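Coordinates as given in work.txt (compact mmCIF, C-alpha atoms):
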# COMPACT_ATOMS: atom_id res chain seq x y z
CA MET X 662 126.10 69.76 91.21
CA ASN X 663 124.91 66.14 91.48
CA ASP X 664 121.31 65.13 90.85
CA ASP X 665 120.40 65.15 94.47
CA GLU X 666 121.63 68.65 95.00
CA HIS X 667 120.00 69.77 91.80
CA SER X 668 116.58 68.53 92.80
CA HIS X 669 117.07 70.06 96.21
CA SER X 670 117.74 73.45 94.67
CA ASN X 671 114.72 73.13 92.36
CA ARG X 672 112.55 72.36 95.32
CA MET X 673 113.92 75.37 97.14
CA GLU X 674 113.19 77.56 94.14
CA ALA X 675 109.64 76.28 93.97
CA THR X 676 109.09 77.05 97.66
CA VAL X 677 110.55 80.53 97.36
CA ARG X 678 108.44 81.14 94.29
CA GLU X 679 105.29 80.07 96.10
CA LEU X 680 106.10 82.22 99.10
CA LEU X 681 106.84 85.24 96.95
CA THR X 682 103.63 84.83 94.97
CA GLU X 683 101.67 84.51 98.18
CA MET X 684 103.33 87.61 99.62
CA LYS X 685 102.60 89.63 96.50
CA ASP X 686 98.92 88.65 96.49
CA ALA X 687 98.54 89.22 100.22
CA SER X 688 100.25 92.60 100.10
CA GLU X 689 97.80 93.73 97.43
CA ALA X 690 94.70 92.51 99.23
CA ILE X 691 95.70 93.70 102.70
CA VAL X 692 95.66 97.40 101.79
CA ASP X 693 92.12 97.17 100.40
CA LEU X 694 91.06 95.29 103.48
CA ALA X 695 92.62 97.95 105.72
CA TYR X 696 90.66 100.72 104.02
CA ALA X 697 87.51 98.61 104.15
CA SER X 698 87.95 98.17 107.90
CA LEU X 699 87.96 101.97 108.36
CA MET X 700 85.06 102.42 106.00
CA TYR X 701 82.86 99.87 107.77
CA ASN X 702 84.34 100.60 111.18
CA SER X 703 85.08 96.90 111.54
CA ARG X 704 87.36 95.49 114.25
CA ASP X 705 86.82 92.13 112.71
CA MET X 706 88.43 93.15 109.45
CA ALA X 707 91.19 94.93 111.33
CA ASP X 708 91.96 91.67 113.15
CA LYS X 709 92.25 89.93 109.79
CA VAL X 710 94.63 92.66 108.63
CA HIS X 711 96.84 92.09 111.67
CA GLU X 712 96.73 88.36 111.13
CA MET X 713 97.76 88.75 107.48
CA ASP X 714 100.46 91.19 108.50
CA ASP X 715 101.88 88.55 110.87
CA ASP X 716 101.67 85.88 108.17
CA ILE X 717 103.52 88.07 105.70
CA ASP X 718 106.16 88.80 108.30
CA ASN X 719 106.64 85.06 108.88
CA MET X 720 106.86 84.42 105.15
CA LYS X 721 109.56 87.06 104.84
CA PHE X 722 111.65 85.25 107.46
CA GLU X 723 111.00 81.90 105.83
CA ILE X 724 112.14 83.22 102.45
CA ARG X 725 115.30 84.64 104.00
CA THR X 726 116.20 81.32 105.61
CA LYS X 727 115.57 79.37 102.41
CA VAL X 728 117.54 81.80 100.32
CA ILE X 729 120.55 81.87 102.61
CA MET X 730 120.66 78.09 102.78
CA ALA X 731 120.43 77.72 99.04
CA GLY X 732 123.07 80.15 97.86
CA ARG X 733 125.83 78.27 96.07
CA SER X 734 127.18 80.74 93.59
CA LYS X 735 127.49 84.41 92.86
CA GLU X 736 124.69 83.99 90.35
CA ASP X 737 122.36 82.48 92.97
CA ALA X 738 123.15 85.34 95.28
CA ARG X 739 122.33 87.87 92.58
CA ASP X 740 119.03 86.18 91.74
CA MET X 741 118.05 86.03 95.36
CA THR X 742 118.93 89.64 96.13
CA GLY X 743 115.96 90.76 94.05
CA VAL X 744 113.72 88.20 95.73
CA LEU X 745 114.68 89.42 99.20
CA GLN X 746 114.12 93.04 98.23
CA VAL X 747 110.62 92.25 96.92
CA ALA X 748 109.79 90.18 100.00
CA SER X 749 110.75 93.03 102.28
CA ALA X 750 108.76 95.50 100.18
CA ALA X 751 105.66 93.30 100.46
CA ASP X 752 106.23 93.20 104.19
CA ARG X 753 106.48 96.99 104.36
CA ILE X 754 103.20 97.33 102.51
CA SER X 755 101.50 95.00 104.97
CA GLU X 756 102.95 96.91 107.90
CA ALA X 757 101.54 100.12 106.46
CA ALA X 758 98.15 98.40 106.24
CA GLY X 759 98.55 97.53 109.94
CA GLU X 760 99.16 101.22 110.66
CA ILE X 761 96.06 102.21 108.68
CA VAL X 762 93.75 100.00 110.73
CA LYS X 763 95.11 101.49 113.96
CA LEU X 764 93.09 104.57 113.04
CA LEU X 765 90.03 102.59 114.15
CA ASP X 766 90.97 103.78 117.64
CA VAL X 767 89.92 107.26 116.57
CA PRO X 768 86.11 107.48 116.97
CA LYS X 769 84.24 107.15 113.71
CA GLU X 770 82.71 110.64 114.02
CA GLU X 771 86.18 112.14 114.01
CA ARG X 772 87.15 110.68 110.67
CA PRO X 773 84.20 111.02 108.27
CA PHE X 774 86.50 112.38 105.57
CA ILE X 775 88.20 108.99 105.27
CA ASN X 776 85.02 107.40 103.96
CA GLU X 777 84.56 110.25 101.53
CA ILE X 778 88.07 109.74 100.22
CA ILE X 779 87.64 105.99 99.89
CA ASN X 780 84.36 106.51 98.04
CA GLU X 781 86.00 108.94 95.64
CA SER X 782 89.00 106.72 94.99
CA ASP X 783 89.87 105.21 91.63
CA GLU X 784 89.81 101.87 93.32
CA LYS X 785 86.49 101.67 95.12
CA ILE X 786 85.67 99.03 97.69
CA MET X 787 82.37 97.81 99.00
CA MET X 788 81.06 95.15 101.35
CA ILE X 789 78.03 93.18 100.37
CA ARG X 790 76.08 90.43 102.11
CA ILE X 791 74.62 87.48 100.24
CA SER X 792 70.92 87.25 100.94
CA ARG X 793 69.04 83.98 101.35
CA ARG X 794 67.02 85.00 98.33
CA SER X 795 70.10 85.36 96.13
CA ASP X 796 70.72 82.60 93.63
CA MET X 797 74.45 83.32 93.91
CA ALA X 798 74.29 81.25 97.09
CA GLY X 799 75.43 77.68 96.63
CA ASN X 800 77.68 78.42 93.64
CA THR X 801 81.42 78.75 93.48
CA ILE X 802 83.13 81.97 92.47
CA ASP X 803 84.24 80.31 89.22
CA GLN X 804 80.72 79.10 88.40
CA LEU X 805 79.47 82.63 88.83
CA ALA X 806 82.45 84.19 87.03
CA VAL X 807 81.94 87.13 89.36
CA GLU X 808 84.65 89.30 87.87
CA ALA X 809 83.64 88.77 84.25
CA SER X 810 79.92 89.18 85.00
CA THR X 811 80.04 92.24 87.22
CA GLY X 812 83.45 93.83 86.76
CA THR X 813 84.01 93.56 90.50
CA LYS X 814 86.71 91.48 92.11
CA ILE X 815 86.29 89.71 95.43
CA ILE X 816 89.31 90.68 97.49
CA ALA X 817 88.16 89.10 100.72
CA MET X 818 85.16 87.31 102.11
CA LYS X 819 83.84 86.19 105.45
CA ASN X 820 81.99 82.92 105.68
CA ARG X 821 81.19 80.61 108.56
CA TYR X 822 84.86 79.66 108.83
CA GLY X 823 86.10 83.23 109.14
CA TRP X 824 87.88 85.63 106.82
CA ILE X 825 89.66 84.58 103.69
CA TYR X 826 91.44 86.90 101.29
CA ASN X 827 91.81 86.42 97.54
CA PRO X 828 89.43 83.47 97.69
CA ASP X 829 90.10 80.75 95.11
CA GLY X 830 87.62 80.14 92.31
CA ASP X 831 86.41 76.91 93.88
CA VAL X 832 85.23 78.63 97.07
CA LYS X 833 81.47 78.33 97.41
CA ILE X 834 79.41 81.40 98.19
CA ARG X 835 76.66 80.90 100.73
CA ALA X 836 73.79 82.95 102.11
CA GLY X 837 75.05 85.18 104.91
CA ASP X 838 78.59 85.48 103.53
CA ASP X 839 80.08 88.96 103.45
CA LEU X 840 82.07 89.84 100.35
CA ILE X 841 84.49 92.72 100.07
CA VAL X 842 84.86 93.66 96.44
CA ASN X 843 86.63 96.30 94.47
CA GLY X 844 85.50 97.69 91.17
CA SER X 845 83.41 100.46 89.66
CA GLN X 846 80.18 101.94 90.99
CA ASP X 847 78.30 100.37 88.03
CA GLY X 848 79.72 96.99 88.99
CA PHE X 849 78.70 97.41 92.64
CA ASN X 850 75.16 98.30 91.64
CA ARG X 851 74.90 95.18 89.51
CA LEU X 852 76.39 92.96 92.18
CA LYS X 853 74.09 94.45 94.82
CA LYS X 854 70.99 93.43 92.85
CA PHE X 855 72.25 89.88 92.49
CA ALA X 856 73.42 89.57 96.10
CA SER X 857 70.12 90.85 97.49
CA GLY X 858 68.18 88.46 95.28
CA ASP X 859 66.35 91.32 93.52
CA CYS X 860 67.76 90.11 90.23
CA PRO X 861 68.44 86.55 89.10
CA TRP X 862 72.11 85.86 88.41
CA GLU X 863 72.92 85.77 84.73
CA PHE X 864 74.98 82.62 84.53
CA PRO X 865 77.69 82.90 81.91
CA GLU X 866 77.14 80.89 78.75
CA ALA X 867 79.40 77.88 78.48
CA GLU X 868 81.65 79.68 76.03
CA SER X 869 85.39 79.30 76.02
CA GLU X 870 86.34 82.75 77.22
CA GLU X 871 89.88 83.35 78.38
CA GLU X 872 90.45 82.17 81.91
CA MET O 1371 85.70 117.71 99.65
CA ASP O 1372 88.21 120.37 100.65
CA LYS O 1373 91.71 120.88 99.32
CA LEU O 1374 93.31 118.71 101.97
CA ASP O 1375 90.94 115.83 101.29
CA SER O 1376 91.61 116.07 97.55
CA MET O 1377 95.35 115.95 98.15
CA LEU O 1378 94.94 112.92 100.37
CA LEU O 1379 92.75 111.26 97.75
CA LYS O 1380 95.41 111.84 95.12
CA LEU O 1381 98.05 110.46 97.44
CA LYS O 1382 96.00 107.31 98.03
CA ASP O 1383 95.20 106.77 94.35
CA THR O 1384 98.80 107.31 93.35
CA SER O 1385 100.13 104.87 95.95
CA GLU O 1386 97.77 102.12 94.81
CA PHE O 1387 98.64 102.66 91.22
CA MET O 1388 102.35 102.58 92.09
CA VAL O 1389 101.96 99.16 93.70
CA ASP O 1390 100.16 97.87 90.59
CA LEU O 1391 102.80 99.29 88.30
CA ALA O 1392 105.70 98.17 90.47
CA TYR O 1393 104.60 94.53 90.53
CA SER O 1394 103.88 94.73 86.79
CA SER O 1395 107.33 96.14 86.07
CA LEU O 1396 108.79 93.27 88.05
CA LEU O 1397 106.78 90.49 86.44
CA TYR O 1398 107.38 91.79 82.93
CA ASN O 1399 110.92 92.92 83.78
CA ASN O 1400 110.12 96.26 82.16
CA ARG O 1401 112.38 99.24 82.86
CA ASP O 1402 110.06 101.83 81.30
CA ILE O 1403 107.32 100.94 83.73
CA ALA O 1404 109.75 100.84 86.64
CA GLU O 1405 110.82 104.36 85.71
CA GLU O 1406 107.21 105.50 85.84
CA VAL O 1407 107.03 104.21 89.41
CA ILE O 1408 110.06 106.29 90.33
CA ASN O 1409 108.55 109.37 88.63
CA LEU O 1410 105.41 108.91 90.67
CA GLU O 1411 107.45 108.55 93.83
CA VAL O 1412 108.87 112.03 93.23
CA GLN O 1413 105.33 113.41 92.87
CA MET O 1414 104.29 111.61 96.04
CA ASP O 1415 107.11 113.21 98.03
CA LYS O 1416 106.06 116.69 96.94
CA LEU O 1417 102.42 116.00 97.68
CA GLY O 1418 103.34 114.59 101.09
CA ASP O 1419 105.24 117.76 101.99
CA GLU O 1420 102.34 119.89 100.87
CA ILE O 1421 99.89 117.87 102.96
CA GLN O 1422 102.04 118.17 106.06
CA LYS O 1423 102.38 121.94 105.68
CA THR O 1424 98.64 122.29 105.17
CA LEU O 1425 98.02 120.23 108.31
CA LEU O 1426 100.30 122.37 110.41
CA GLU O 1427 98.65 125.56 109.23
CA MET O 1428 95.23 124.09 109.80
CA ALA O 1429 96.07 123.07 113.36
CA LYS O 1430 97.59 126.45 114.09
CA GLU O 1431 94.53 128.35 112.91
CA ASN O 1432 91.98 126.04 114.37
CA PRO O 1433 93.02 124.02 117.42
CA GLU O 1434 89.87 121.92 117.12
CA SER O 1435 91.19 120.40 113.95
CA VAL O 1436 94.04 118.66 115.76
CA THR O 1437 92.33 115.27 115.69
CA LYS O 1438 91.77 115.51 111.97
CA ALA O 1439 95.36 116.61 111.48
CA PHE O 1440 96.51 113.60 113.48
CA VAL O 1441 94.43 111.15 111.46
CA VAL O 1442 95.53 112.63 108.13
CA LEU O 1443 99.16 112.61 109.20
CA ARG O 1444 99.04 108.96 110.23
CA LEU O 1445 97.33 108.05 106.99
CA GLN O 1446 99.76 110.09 104.93
CA ILE O 1447 102.74 108.36 106.55
CA ALA O 1448 101.26 104.91 105.93
CA ILE O 1449 100.50 105.77 102.31
CA GLU O 1450 104.01 107.12 101.77
CA ASP O 1451 105.37 103.85 103.20
CA ILE O 1452 103.36 101.93 100.64
CA ALA O 1453 104.68 104.18 97.87
CA ASN O 1454 108.26 103.75 99.08
CA ALA O 1455 107.83 100.00 99.11
CA ALA O 1456 106.54 100.16 95.53
CA ALA O 1457 109.57 102.23 94.53
CA SER O 1458 111.89 99.69 96.11
CA ILE O 1459 110.27 96.97 93.98
CA ALA O 1460 110.81 99.09 90.86
CA ASP O 1461 114.41 99.54 91.95
CA VAL O 1462 114.95 95.78 91.62
CA VAL O 1463 114.04 96.13 87.94
CA LEU O 1464 116.11 99.25 87.34
CA ARG O 1465 119.20 97.66 88.85
CA GLY O 1466 118.78 94.65 86.60
CA TYR O 1467 117.93 92.14 89.32
CA ALA O 1468 114.51 91.18 87.99
CA ASP O 1469 115.61 88.58 85.46
CA SER O 1470 115.97 85.92 88.11
CA PRO O 1471 113.95 82.82 87.16
CA VAL O 1472 112.34 82.78 90.59
CA ILE O 1473 110.87 86.22 90.08
CA GLN O 1474 110.01 85.67 86.44
CA MET O 1475 108.17 82.45 87.17
CA SER O 1476 106.15 83.87 90.05
CA ILE O 1477 102.57 84.18 88.84
CA LYS O 1478 103.50 85.94 85.66
CA GLU O 1479 100.36 85.84 83.58
CA SER O 1480 101.77 83.68 80.86
CA GLU O 1481 102.69 85.39 77.64
CA TRP O 1482 101.39 88.76 78.78
CA THR O 1483 103.23 91.97 78.44
CA ILE O 1484 103.02 95.56 79.55
CA GLU O 1485 103.72 98.32 77.05
CA ARG O 1486 104.18 102.05 76.94
CA ALA O 1487 102.98 103.67 73.70
CA THR O 1488 102.72 107.30 72.64
CA VAL O 1489 99.72 108.52 70.62
CA SER O 1490 101.13 110.23 67.50
CA ASP O 1491 99.52 113.09 65.56
CA ASP O 1492 98.36 110.73 62.79
CA SER O 1493 97.28 107.85 65.05
CA VAL O 1494 93.73 106.52 64.64
CA LEU O 1495 93.45 106.65 68.43
CA ARG O 1496 93.89 110.41 68.55
CA ASP O 1497 90.83 112.39 69.72
CA LYS O 1498 88.85 109.19 70.26
CA THR O 1499 87.44 107.97 73.55
CA LEU O 1500 88.55 104.65 74.97
CA GLY O 1501 84.92 103.52 74.73
CA GLU O 1502 84.81 104.25 71.00
CA MET O 1503 88.06 102.43 70.30
CA ARG O 1504 87.32 99.43 72.48
CA LEU O 1505 90.99 98.55 72.51
CA TRP O 1506 90.37 95.68 74.87
CA SER O 1507 87.95 93.80 72.63
CA HIS O 1508 89.42 94.93 69.30
CA CYS O 1509 93.07 94.58 69.97
CA GLY O 1510 93.38 92.75 73.27
CA MET O 1511 95.17 95.51 75.15
CA PHE O 1512 93.84 97.00 78.36
CA VAL O 1513 94.84 100.61 79.07
CA MET O 1514 95.75 100.85 82.78
CA ALA O 1515 96.77 104.48 82.74
CA ILE O 1516 97.49 107.50 80.59
CA LYS O 1517 100.34 109.91 81.15
CA ARG O 1518 99.50 113.37 79.83
CA GLY O 1519 102.35 115.79 80.30
CA ALA O 1520 103.33 115.42 83.93
CA GLN O 1521 99.83 114.25 84.94
CA TYR O 1522 98.63 110.68 85.17
CA ILE O 1523 95.11 109.45 84.61
CA PHE O 1524 94.81 106.18 86.50
CA ARG O 1525 92.24 103.66 85.44
CA PRO O 1526 90.78 105.76 82.62
CA ASP O 1527 87.18 104.97 81.72
CA ARG O 1528 85.35 104.66 78.44
CA TRP O 1529 84.72 108.41 78.29
CA THR O 1530 88.39 109.29 78.47
CA THR O 1531 89.51 110.94 75.22
CA LEU O 1532 92.99 110.16 73.94
CA ARG O 1533 95.08 113.10 72.81
CA GLU O 1534 98.18 113.49 70.73
CA GLY O 1535 101.23 112.95 72.91
CA ASP O 1536 99.38 110.83 75.49
CA VAL O 1537 101.51 107.99 76.77
CA LEU O 1538 99.37 104.87 77.20
CA ILE O 1539 100.36 102.18 79.67
CA ALA O 1540 98.62 98.99 78.65
CA ILE O 1541 98.73 95.28 79.39
CA GLY O 1542 97.71 92.40 77.18
CA PRO O 1543 98.90 89.30 75.38
CA GLU O 1544 102.30 89.52 73.71
CA GLU O 1545 100.83 88.96 70.26
CA SER O 1546 98.63 92.05 70.62
CA ALA O 1547 101.43 94.38 71.61
CA ASP O 1548 102.92 95.13 68.16
CA HIS O 1549 99.52 95.89 66.72
CA PHE O 1550 98.74 98.18 69.62
CA MET O 1551 102.05 100.03 69.26
CA ALA O 1552 101.43 100.45 65.52
CA LEU O 1553 97.96 101.89 66.12
CA SER O 1554 99.44 104.39 68.56
CA ASP O 1555 102.34 105.54 66.42
CA GLY O 1556 100.11 105.84 63.36
CA SER O 1557 101.83 103.21 61.22
CA LYS O 1558 98.64 101.11 61.19
CA LYS O 1559 95.18 102.55 60.67
CA GLU O 1560 92.97 99.50 60.95
CA PHE O 1561 92.10 97.29 63.86
Could I get this file's structure written as structure tokens?
Amino acid sequence: MNDDEHSHSNRMEATVRELLTEMKDASEAIVDLAYASLMYNSRDMADKVHEMDDDIDNMKFEIRTKVIMAGRSKEDARDMTGVLQVASAADRISEAAGEIVKLLDVPKEERPFINEIINESDEKIMMIRISRRSDMAGNTIDQLAVEASTGTKIIAMKNRYGWIYNPDGDVKIRAGDDLIVNGSQDGFNRLKKFASGDCPWEFPEAESEEE
Amino acid sequence: MDKLDSMLLKLKDTSEFMVDLAYSSLLYNNRDIAEEVINLEVQMDKLGDEIQKTLLEMAKENPESVTKAFVVLRLQIAIEDIANAAASIADVVLRGYADSPVIQMSIKESEWTIERATVSDDSVLRDKTLGEMRLWSHCGMFVMAIKRGAQYIFRPDRWTTLREGDVLIAIGPEESADHFMALSDGSKKEF
């Protein structure tokens, strides 16, 4: 393989790696979001689920194309077989999430047990709105260290630009944003106090905790 | 919560845990963990059958419950799909396809590992709660789940008591793993 080809194949690997990482993260968040859409009876969230499902589908095709173009040896083919299998599994998960949100078509009164089940789950989810009185507003997720401070993880949020899932640490939280978090009941209760402004946020000390 | 709801809850919890475990088995290229995913898949299949039978009986006895039966069925199918997808990820590991650099370099939390350890009869962990032991702060390992006989306890909390024979599934930095294993098998007594 000459240098040119080598760098081409590295670039391909990097792209495939990025796509696969993205697909993994999205496939994890989309299921939570699907359950949240049933719980809060939200078409809006269901639309986001469908949009993510489409994105994941597109990524699956993109990975396939890249992988087929890049195969040069039996070894490459072997490596990429696993990648393709994982990509299609992530896609299947997102399709299942798409099926879950279709249950929104059943009137809410006919499916009260779903909320009960979600509330009893090991992995609980909750939506919370940031009040104008909350001093969380105006800070980034990293500045707040939301997960370390409350034990809850933001899986998706809606701000003035629309829905984002797995928001990056540098995303700023503003008054009026809706956060969908997962975590324990204790964590929700803590977060609720901060988000409503009833309690001042306890900003983490500038200690060098693990990232 | 009636029996059907509890079964559905278990199905949901199991599927989510399978996805967690499946991606972990892939990132850490760990066959033990992949095997756990496959074990869970077998449990899921049984539970799915039981749910479907219950639904049919319910709809037969009480025609008004057809809507509920429909919703549960749709949900059960979607959840089983998720579980199957998780199993197909674990399959990549079991067939030895997970050592590809592309997979290994995807978001693997650097230098982290996932371990399966059994609590021995002379382990310091035996008959203690997770809260008492504070394995996370003392030894750096986070217990994701406990396998007790054929049952799994997903996301155990600080009140969960560890028993002899419990299999702990834990993640943490590589340098913590040996210490954690030694505490479990009883060869080390101090944190």
| Of the residues X:Lys735, X:Arg725, X:Arg753, X:Arg704, which is the one nearest to chain O, using all atoms listed in the file? |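 Comparing X:Lys735, X:Arg725, X:Arg753, X:Arg704 against chain O, the winner is X:Arg753.
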| message | Quick one: residues within 10 Å of segment 768-782 of chain X, only C-alpha atoms, excluding same-chain residues fewer than 4 positions away - as a VMD selection string? | response | (chain X and resid 693 696 to 697 699 to 702 764 786 to 787 845 to 846) or (chain O and resid 1371 to 1372 1374 to 1380 1382 to 1384 1386 1435 1437 to 1438 1441 to 1442 1445)
| Atom pair atom CA of Ile717 of chain X / atom CA of Ser688 of chain X: separation (Å) |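 Result for atom CA of Ile717 of chain X versus atom CA of Ser688 of chain X: 7.9 Å, one decimal.
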| task | Give the residues of chain X that lie within 6 Å of chain O; count only C-alpha atoms, and format the answer as a ChimeraX atom specification. | result | /X:678,682,740,743,747,750,754,757,778
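Between Lys1498 of chain O and the residues O:Ile1403, O:Leu1381, O:Leu1464, O:Leu1532, the shortest atom-to-atom distance, using all atoms listed in the file, involves O:Leu1532.
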| How far is it from atom CA of Ser1395 of chain O to atom CA of Asp686 of chain X, in Å with one decimal? |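 Distance between the two atoms: 15.3 Å.
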| said: I'd like the neighbourhood of Gln1521 of chain O as a PyMOL selection string, where a residue qualifies if any of its atoms comes within 10 Å (using all atoms listed in the file), though same-chain residues fewer than 5 positions away should be ignored. | reply: chain O and resi 1410+1413+1516
| request: Would you work out the distance separating atom CA of Thr1488 of chain O from atom CA of Phe1550 of chain O, expressed in Å to one decimal? | output: 10.4 Å
| field | Residue nearest Lys814 of chain X - candidates X:Val767, X:Ala836, X:Met788, X:Met797, atoms counted: only C-alpha atoms | value |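 Among the listed residues, X:Met788 lies closest to Lys814 of chain X.
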| Nearest residue to Ser810 of chain X from the set X:Ile841, X:Ala798, X:Met720, X:Leu852 (distances using all atoms listed in the file) | X:Leu852
Would you list the residues near (91.5, 87.4, 102.8), meaning any protein, DNA or RNA residue with an atom at most 8 Å from that point in file coordinates, counting only C-alpha atoms, as a PDB file with C-alpha atoms, in the coordinates of the input?
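The result, written out as point-v5.pdb:
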ATOM      1  CA  ALA X 687      98.540  89.220 100.220  1.00  0.00           C
ATOM      2  CA  ALA X 690      94.700  92.510  99.230  1.00  0.00           C
ATOM      3  CA  ILE X 691      95.700  93.700 102.700  1.00  0.00           C
ATOM      4  CA  LEU X 694      91.060  95.290 103.480  1.00  0.00           C
ATOM      5  CA  LYS X 709      92.250  89.930 109.790  1.00  0.00           C
ATOM      6  CA  MET X 713      97.760  88.750 107.480  1.00  0.00           C
ATOM      7  CA  ILE X 816      89.310  90.680  97.490  1.00  0.00           C
ATOM      8  CA  ALA X 817      88.160  89.100 100.720  1.00  0.00           C
ATOM      9  CA  MET X 818      85.160  87.310 102.110  1.00  0.00           C
ATOM     10  CA  TRP X 824      87.880  85.630 106.820  1.00  0.00           C
ATOM     11  CA  ILE X 825      89.660  84.580 103.690  1.00  0.00           C
ATOM     12  CA  TYR X 826      91.440  86.900 101.290  1.00  0.00           C
ATOM     13  CA  ASN X 827      91.810  86.420  97.540  1.00  0.00           C
ATOM     14  CA  PRO X 828      89.430  83.470  97.690  1.00  0.00           C
TER      15      PRO X 828
END
Listed atoms of segment 1410-1423 of chain O, axis-aligned box, 5 Å per side: centre and edge lengths to one decimal in Å, as lines of an AutoDock Vina configuration file?
center_x = 104.4
center_y = 115.2
center_z = 98.4
size_x = 19.0
size_y = 23.4
size_z = 25.4
| said: Quick one: residues within 9 Å of Asp847 of chain X, only C-alpha atoms, excluding same-chain residues fewer than 4 positions away - as a ChimeraX atom specification? | reply: /X:811-812,851-852
Generate N, CA and C atoms for segment 683-695 of chain X and emit them as a PDB file, keeping the file's coordinate frame.
ATOM      1  N   GLU X 683     102.605  84.341  97.082  1.00  0.00           N
ATOM      2  CA  GLU X 683     101.670  84.510  98.180  1.00  0.00           C
ATOM      3  C   GLU X 683     101.832  85.905  98.821  1.00  0.00           C
ATOM      4  N   MET X 684     103.074  86.303  98.999  1.00  0.00           N
ATOM      5  CA  MET X 684     103.330  87.610  99.620  1.00  0.00           C
ATOM      6  C   MET X 684     102.844  88.746  98.736  1.00  0.00           C
ATOM      7  N   LYS X 685     103.054  88.598  97.434  1.00  0.00           N
ATOM      8  CA  LYS X 685     102.600  89.630  96.500  1.00  0.00           C
ATOM      9  C   LYS X 685     101.073  89.759  96.585  1.00  0.00           C
ATOM     10  N   ASP X 686     100.387  88.622  96.468  1.00  0.00           N
ATOM     11  CA  ASP X 686      98.920  88.650  96.490  1.00  0.00           C
ATOM     12  C   ASP X 686      98.398  89.228  97.809  1.00  0.00           C
ATOM     13  N   ALA X 687      99.000  88.762  98.909  1.00  0.00           N
ATOM     14  CA  ALA X 687      98.540  89.220 100.220  1.00  0.00           C
ATOM     15  C   ALA X 687      98.781  90.713 100.388  1.00  0.00           C
ATOM     16  N   SER X 688      99.939  91.184  99.911  1.00  0.00           N
ATOM     17  CA  SER X 688     100.250  92.600 100.100  1.00  0.00           C
ATOM     18  C   SER X 688      99.301  93.481  99.292  1.00  0.00           C
ATOM     19  N   GLU X 689      98.766  92.950  98.207  1.00  0.00           N
ATOM     20  CA  GLU X 689      97.800  93.730  97.430  1.00  0.00           C
ATOM     21  C   GLU X 689      96.427  93.747  98.106  1.00  0.00           C
ATOM     22  N   ALA X 690      96.036  92.598  98.624  1.00  0.00           N
ATOM     23  CA  ALA X 690      94.700  92.510  99.230  1.00  0.00           C
ATOM     24  C   ALA X 690      94.635  93.227 100.582  1.00  0.00           C
ATOM     25  N   ILE X 691      95.734  93.208 101.315  1.00  0.00           N
ATOM     26  CA  ILE X 691      95.700  93.700 102.700  1.00  0.00           C
ATOM     27  C   ILE X 691      95.409  95.203 102.754  1.00  0.00           C
ATOM     28  N   VAL X 692      95.881  95.956 101.768  1.00  0.00           N
ATOM     29  CA  VAL X 692      95.660  97.400 101.790  1.00  0.00           C
ATOM     30  C   VAL X 692      94.166  97.705 101.567  1.00  0.00           C
ATOM     31  N   ASP X 693      93.565  97.008 100.616  1.00  0.00           N
ATOM     32  CA  ASP X 693      92.120  97.170 100.400  1.00  0.00           C
ATOM     33  C   ASP X 693      91.335  96.818 101.656  1.00  0.00           C
ATOM     34  N   LEU X 694      91.754  95.733 102.281  1.00  0.00           N
ATOM     35  CA  LEU X 694      91.060  95.290 103.480  1.00  0.00           C
ATOM     36  C   LEU X 694      91.210  96.318 104.612  1.00  0.00           C
ATOM     37  N   ALA X 695      92.381  96.930 104.693  1.00  0.00           N
ATOM     38  CA  ALA X 695      92.620  97.950 105.720  1.00  0.00           C
ATOM     39  C   ALA X 695      91.673  99.137 105.514  1.00  0.00           C
TER      40      ALA X 695
END
